[in-house]
Amino acid sequence: MIKHYKFKTKPYAHQIKALEKSWAQETYALFMEMGTGKSKVLVDNIAMLYDRGAIRGALIVAPKGVYKNWDQIEFPTHMPEHVEYTKVLWEANITKKKQLELDTLFDDKGNLKILIMNVEALSTEKGLDFAHRFLNMLCGRALIGIDESTTIKNPTAKRTKNILKLRNLAKYRRILTGSPVTKSPLDLYSQCEFLDPFHLGHSSYYSFRARYAHMLERNFGGRRVQIVGSYRRLDELSEKLEKFSYRVLK
């Protein structure tokens, strides 16, 4: 597939390798540091799956400071000329003009449909409902990409729970981040659960934590709480990650 694919912008060797490893996989993690071009890899991956007839659309979720780049820079720069597509940037304040834009995602033209959302929008009922409606329209033939996926590292956060609700509406799922661990190896659980709950071999955050962290009980103001004392079996965790991820350092 890659050999016959018409790139709009020339890929680097590590981007070719990332695509070779990931493009046809249903779930994959791109742990690529800033400046190594992970966004281009995802745009090309979406185009390849669309060319193949595997997807009809994609939902891109990114943080506040980044999501507009997908609309203004990443897709216009890297999407191949032969792919006809409609892309719409979600905004919480839906004007008449914005509503007309959003409606184009549901027309019957048959071109690739792309919805770009700020991750915070998925903390709201309005944002979640629209994402749900969009993905339902695609009947499973969709890709969800979470850019800077550490934004869903907290398993108790509303946006994490809501994004996990959307997971099964898309056959293809991707997470992108320079480093999936910001403070603790436990950051990995929700990000990987979004891809596939079976990747790490744990059906709950607490069983995952029990496997990879040694917990200590402490008393704070009369309340007994558990805190992480140390981490363990990190080599085992790295081996599991390698099976569904690709790492690029700058």
# chains A, B, ... in the order shown; residues from 1 in each chain; ligands from 1
$ select_by_dssp --residues "segment 88-203 of chain A" --states "strand (DSSP E)" --output "tab-separated table (two decimals) with all heavy atoms, in the first residue's frame"
chain	number	residue	atom	x	y	z
A	88	VAL	N	-14.22	19.91	9.40
A	88	VAL	CA	-14.90	20.94	10.16
A	88	VAL	C	-14.30	21.00	11.56
A	88	VAL	O	-14.08	19.96	12.20
A	88	VAL	CB	-16.43	20.68	10.25
A	88	VAL	CG1	-17.10	21.79	11.07
A	88	VAL	CG2	-17.04	20.60	8.86
A	89	LEU	N	-14.05	22.22	12.01
A	89	LEU	CA	-13.53	22.46	13.35
A	89	LEU	C	-14.72	22.71	14.28
A	89	LEU	O	-15.52	23.61	14.05
A	89	LEU	CB	-12.61	23.69	13.32
A	89	LEU	CG	-11.83	24.02	14.58
A	89	LEU	CD1	-10.68	23.03	14.79
A	89	LEU	CD2	-11.27	25.44	14.49
A	112	LEU	N	-14.29	11.98	2.12
A	112	LEU	CA	-13.79	11.75	3.47
A	112	LEU	C	-14.27	12.87	4.40
A	112	LEU	O	-14.13	14.04	4.09
A	112	LEU	CB	-12.25	11.72	3.44
A	112	LEU	CG	-11.51	11.59	4.78
A	112	LEU	CD1	-11.78	10.25	5.43
A	112	LEU	CD2	-10.00	11.77	4.55
A	113	LYS	N	-14.82	12.49	5.55
A	113	LYS	CA	-15.33	13.48	6.52
A	113	LYS	C	-14.39	13.54	7.72
A	113	LYS	O	-14.04	12.49	8.29
A	113	LYS	CB	-16.72	13.09	7.01
A	113	LYS	CG	-17.72	12.77	5.91
A	113	LYS	CD	-18.05	13.97	5.03
A	113	LYS	CE	-19.21	13.63	4.09
A	113	LYS	NZ	-19.42	14.66	3.08
A	114	ILE	N	-14.01	14.75	8.12
A	114	ILE	CA	-13.09	14.92	9.24
A	114	ILE	C	-13.66	15.95	10.22
A	114	ILE	O	-13.97	17.08	9.84
A	114	ILE	CB	-11.70	15.39	8.75
A	114	ILE	CG1	-11.07	14.34	7.84
A	114	ILE	CG2	-10.77	15.67	9.94
A	114	ILE	CD1	-9.91	14.85	7.03
A	115	LEU	N	-13.80	15.53	11.46
A	115	LEU	CA	-14.24	16.41	12.54
A	115	LEU	C	-13.07	16.60	13.50
A	115	LEU	O	-12.46	15.63	13.96
A	115	LEU	CB	-15.43	15.79	13.28
A	115	LEU	CG	-15.90	16.49	14.56
A	115	LEU	CD1	-16.39	17.91	14.27
A	115	LEU	CD2	-17.02	15.67	15.23
A	116	ILE	N	-12.75	17.87	13.80
A	116	ILE	CA	-11.64	18.20	14.69
A	116	ILE	C	-12.19	18.85	15.95
A	116	ILE	O	-12.91	19.86	15.86
A	116	ILE	CB	-10.64	19.15	13.99
A	116	ILE	CG1	-10.11	18.52	12.70
A	116	ILE	CG2	-9.49	19.51	14.93
A	116	ILE	CD1	-9.46	19.50	11.74
A	117	MET	N	-11.87	18.26	17.11
A	117	MET	CA	-12.44	18.76	18.36
A	117	MET	C	-11.35	19.01	19.40
A	117	MET	O	-10.37	18.27	19.49
A	117	MET	CB	-13.45	17.76	18.94
A	117	MET	CG	-14.64	17.49	18.04
A	117	MET	SD	-15.88	16.42	18.82
A	117	MET	CE	-16.81	17.61	19.80
A	118	ASN	N	-11.59	20.04	20.20
A	118	ASN	CA	-10.78	20.29	21.39
A	118	ASN	C	-11.15	19.23	22.42
A	118	ASN	O	-12.33	18.94	22.63
A	118	ASN	CB	-11.14	21.70	21.89
A	118	ASN	CG	-10.49	22.08	23.19
A	118	ASN	OD1	-9.79	21.28	23.82
A	118	ASN	ND2	-10.74	23.30	23.61
A	140	GLY	N	-19.09	2.78	12.09
A	140	GLY	CA	-17.90	2.02	12.49
A	140	GLY	C	-16.71	2.21	11.57
A	140	GLY	O	-15.57	1.93	11.97
A	141	ARG	N	-16.96	2.69	10.36
A	141	ARG	CA	-15.85	2.88	9.41
A	141	ARG	C	-15.19	4.23	9.66
A	141	ARG	O	-15.27	5.15	8.86
A	141	ARG	CB	-16.34	2.74	7.98
A	141	ARG	CG	-16.67	1.30	7.60
A	141	ARG	CD	-17.43	1.19	6.31
A	141	ARG	NE	-16.71	1.76	5.19
A	141	ARG	CZ	-17.28	2.05	4.02
A	141	ARG	NH1	-18.56	1.83	3.83
A	141	ARG	NH2	-16.56	2.55	3.03
A	142	ALA	N	-14.57	4.31	10.84
A	142	ALA	CA	-14.01	5.59	11.30
A	142	ALA	C	-12.68	5.36	12.00
A	142	ALA	O	-12.37	4.25	12.44
A	142	ALA	CB	-14.99	6.26	12.26
A	143	LEU	N	-11.93	6.46	12.10
A	143	LEU	CA	-10.71	6.48	12.90
A	143	LEU	C	-10.84	7.60	13.92
A	143	LEU	O	-11.30	8.69	13.58
A	143	LEU	CB	-9.49	6.71	12.01
A	143	LEU	CG	-8.12	6.79	12.73
A	143	LEU	CD1	-7.01	6.22	11.84
A	143	LEU	CD2	-7.75	8.24	13.12
A	144	ILE	N	-10.46	7.30	15.16
A	144	ILE	CA	-10.34	8.36	16.17
A	144	ILE	C	-8.86	8.50	16.50
A	144	ILE	O	-8.19	7.52	16.84
A	144	ILE	CB	-11.10	8.04	17.47
A	144	ILE	CG1	-12.59	7.78	17.20
A	144	ILE	CG2	-10.95	9.20	18.47
A	144	ILE	CD1	-13.37	7.37	18.44
A	145	GLY	N	-8.36	9.73	16.39
A	145	GLY	CA	-6.97	10.02	16.76
A	145	GLY	C	-6.94	10.98	17.94
A	145	GLY	O	-7.57	12.03	17.89
A	146	ILE	N	-6.25	10.60	19.01
A	146	ILE	CA	-6.12	11.47	20.17
A	146	ILE	C	-4.70	12.04	20.16
A	146	ILE	O	-3.72	11.32	20.41
A	146	ILE	CB	-6.34	10.71	21.50
A	146	ILE	CG1	-7.63	9.88	21.46
A	146	ILE	CG2	-6.34	11.69	22.68
A	146	ILE	CD1	-8.90	10.66	21.44
A	147	ASP	N	-4.59	13.32	19.84
A	147	ASP	CA	-3.28	13.99	19.83
A	147	ASP	C	-2.96	14.46	21.24
A	147	ASP	O	-3.84	14.93	21.96
A	147	ASP	CB	-3.32	15.17	18.86
A	147	ASP	CG	-1.95	15.77	18.62
A	147	ASP	OD1	-0.93	15.10	18.92
A	147	ASP	OD2	-1.88	16.92	18.13
A	170	ALA	N	-15.47	3.44	16.56
A	170	ALA	CA	-14.46	3.56	15.50
A	170	ALA	C	-13.61	2.30	15.45
A	170	ALA	O	-13.03	1.90	16.47
A	170	ALA	CB	-13.58	4.78	15.73
A	171	LYS	N	-13.51	1.71	14.29
A	171	LYS	CA	-12.70	0.48	14.15
A	171	LYS	C	-11.22	0.78	14.36
A	171	LYS	O	-10.48	-0.04	14.90
A	171	LYS	CB	-12.92	-0.12	12.77
A	171	LYS	CG	-12.18	-1.44	12.56
A	171	LYS	CD	-12.48	-2.05	11.21
A	171	LYS	CE	-11.73	-3.37	11.04
A	171	LYS	NZ	-11.98	-3.99	9.72
A	172	TYR	N	-10.79	1.97	13.92
A	172	TYR	CA	-9.36	2.33	14.00
A	172	TYR	C	-9.17	3.43	15.05
A	172	TYR	O	-9.90	4.42	15.08
A	172	TYR	CB	-8.86	2.83	12.63
A	172	TYR	CG	-8.92	1.75	11.58
A	172	TYR	CD1	-10.07	1.60	10.79
A	172	TYR	CD2	-7.87	0.87	11.39
A	172	TYR	CE1	-10.15	0.59	9.83
A	172	TYR	CE2	-7.94	-0.15	10.44
A	172	TYR	CZ	-9.08	-0.28	9.66
A	172	TYR	OH	-9.16	-1.28	8.73
A	173	ARG	N	-8.15	3.21	15.90
A	173	ARG	CA	-7.89	4.16	16.98
A	173	ARG	C	-6.39	4.41	17.09
A	173	ARG	O	-5.59	3.48	17.00
A	173	ARG	CB	-8.45	3.63	18.30
A	173	ARG	CG	-9.97	3.44	18.24
A	173	ARG	CD	-10.54	2.97	19.56
A	173	ARG	NE	-10.21	1.62	19.92
A	173	ARG	CZ	-10.82	0.52	19.45
A	173	ARG	NH1	-11.78	0.63	18.55
A	173	ARG	NH2	-10.46	-0.68	19.86
A	174	ARG	N	-6.03	5.67	17.29
A	174	ARG	CA	-4.62	6.07	17.40
A	174	ARG	C	-4.44	7.02	18.58
A	174	ARG	O	-5.29	7.87	18.84
A	174	ARG	CB	-4.14	6.81	16.14
A	174	ARG	CG	-4.26	6.02	14.84
A	174	ARG	CD	-3.20	4.96	14.74
A	174	ARG	NE	-3.25	4.25	13.46
A	174	ARG	CZ	-3.95	3.13	13.25
A	174	ARG	NH1	-4.68	2.60	14.23
A	174	ARG	NH2	-3.93	2.53	12.07
A	175	ILE	N	-3.32	6.86	19.29
A	175	ILE	CA	-2.91	7.88	20.26
A	175	ILE	C	-1.55	8.42	19.81
A	175	ILE	O	-0.72	7.67	19.30
A	175	ILE	CB	-2.87	7.38	21.72
A	175	ILE	CG1	-1.91	6.20	21.90
A	175	ILE	CG2	-4.27	7.03	22.21
A	175	ILE	CD1	-1.69	5.79	23.36
A	176	LEU	N	-1.36	9.73	20.01
A	176	LEU	CA	-0.11	10.38	19.61
A	176	LEU	C	0.40	11.22	20.78
A	176	LEU	O	-0.37	11.99	21.37
A	176	LEU	CB	-0.32	11.32	18.43
A	176	LEU	CG	-0.72	10.77	17.07
A	176	LEU	CD1	-2.20	10.40	17.03
A	176	LEU	CD2	-0.45	11.81	15.98
A	177	THR	N	1.65	11.07	21.10
A	177	THR	CA	2.27	11.92	22.11
A	177	THR	C	3.78	11.75	22.07
A	177	THR	O	4.27	10.70	21.63
A	177	THR	CB	1.74	11.61	23.53
A	177	THR	OG1	2.29	12.54	24.47
A	177	THR	CG2	2.07	10.21	23.98
$ residues_around --residues "Ser22 of chain A" --least-positions-apart "5" --cutoff "10 Å" --atoms "only C-alpha atoms" --output "PyMOL selection string"
chain A and resi 16-17+27-30+41-42+45+174+244-246
$ residues_around --residues "Ala210 of chain A" --least-positions-apart "3" --cutoff "10 Å" --atoms "only C-alpha atoms" --output "mmCIF file with N, CA and C atoms, in the first residue's frame"
data_model
loop_
_atom_site.group_PDB
_atom_site.id
_atom_site.type_symbol
_atom_site.label_atom_id
_atom_site.label_comp_id
_atom_site.auth_asym_id
_atom_site.auth_seq_id
_atom_site.Cartn_x
_atom_site.Cartn_y
_atom_site.Cartn_z
ATOM 1 N N TYR A 205 -8.050 -0.185 36.106
ATOM 2 C CA TYR A 205 -6.896 0.621 36.507
ATOM 3 C C TYR A 205 -6.275 0.064 37.785
ATOM 4 N N TYR A 206 -7.109 -0.427 38.688
ATOM 5 C CA TYR A 206 -6.601 -0.870 39.985
ATOM 6 C C TYR A 206 -5.798 -2.161 39.885
ATOM 7 N N SER A 207 -6.194 -3.058 38.999
ATOM 8 C CA SER A 207 -5.384 -4.276 38.813
ATOM 9 C C SER A 207 -4.070 -3.931 38.110
ATOM 10 N N ALA A 213 2.846 -1.034 40.487
ATOM 11 C CA ALA A 213 3.204 -0.092 41.563
ATOM 12 C C ALA A 213 3.064 -0.770 42.920
ATOM 13 N N HIS A 214 3.991 -0.471 43.787
ATOM 14 C CA HIS A 214 3.900 -0.934 45.178
ATOM 15 C C HIS A 214 3.260 0.201 45.979
ATOM 16 N N MET A 215 2.086 -0.071 46.542
ATOM 17 C CA MET A 215 1.325 0.960 47.232
ATOM 18 C C MET A 215 1.600 0.948 48.737
ATOM 19 N N VAL A 228 1.658 5.785 46.008
ATOM 20 C CA VAL A 228 2.664 4.941 45.349
ATOM 21 C C VAL A 228 3.974 5.030 46.118
ATOM 22 N N TYR A 231 7.743 1.758 41.841
ATOM 23 C CA TYR A 231 7.230 1.070 40.655
ATOM 24 C C TYR A 231 7.993 -0.226 40.448
ATOM 25 N N ARG A 232 7.374 -1.170 39.757
ATOM 26 C CA ARG A 232 8.014 -2.475 39.552
ATOM 27 C C ARG A 232 7.571 -3.055 38.209
#
$ residues_around --residues "Met1 of chain A" --least-positions-apart "4" --cutoff "10 Å" --atoms "only C-alpha atoms" --output "MDAnalysis selection string"
chainID A and resid 5:6 20 23:24 48:49 51:52
$ closest_atom_pairs --of "segment 3-38 of chain A" --to "segment 67-81 of chain A" --cutoff "10 Å" --atoms "only C-alpha atoms" --output "JSON lines"
{"residue": "A:Tyr5", "atom": "CA", "partner": "A:Pro80", "partner_atom": "CA", "distance": 9.1}
{"residue": "A:Lys6", "atom": "CA", "partner": "A:Pro80", "partner_atom": "CA", "distance": 6.7}
{"residue": "A:Phe7", "atom": "CA", "partner": "A:Pro80", "partner_atom": "CA", "distance": 5.9}
{"residue": "A:Lys8", "atom": "CA", "partner": "A:Pro80", "partner_atom": "CA", "distance": 4.7}
{"residue": "A:Thr9", "atom": "CA", "partner": "A:His78", "partner_atom": "CA", "distance": 5.8}
{"residue": "A:Lys10", "atom": "CA", "partner": "A:His78", "partner_atom": "CA", "distance": 9.1}
{"residue": "A:Pro11", "atom": "CA", "partner": "A:His78", "partner_atom": "CA", "distance": 9.9}
{"residue": "A:Gly37", "atom": "CA", "partner": "A:Glu74", "partner_atom": "CA", "distance": 9.9}
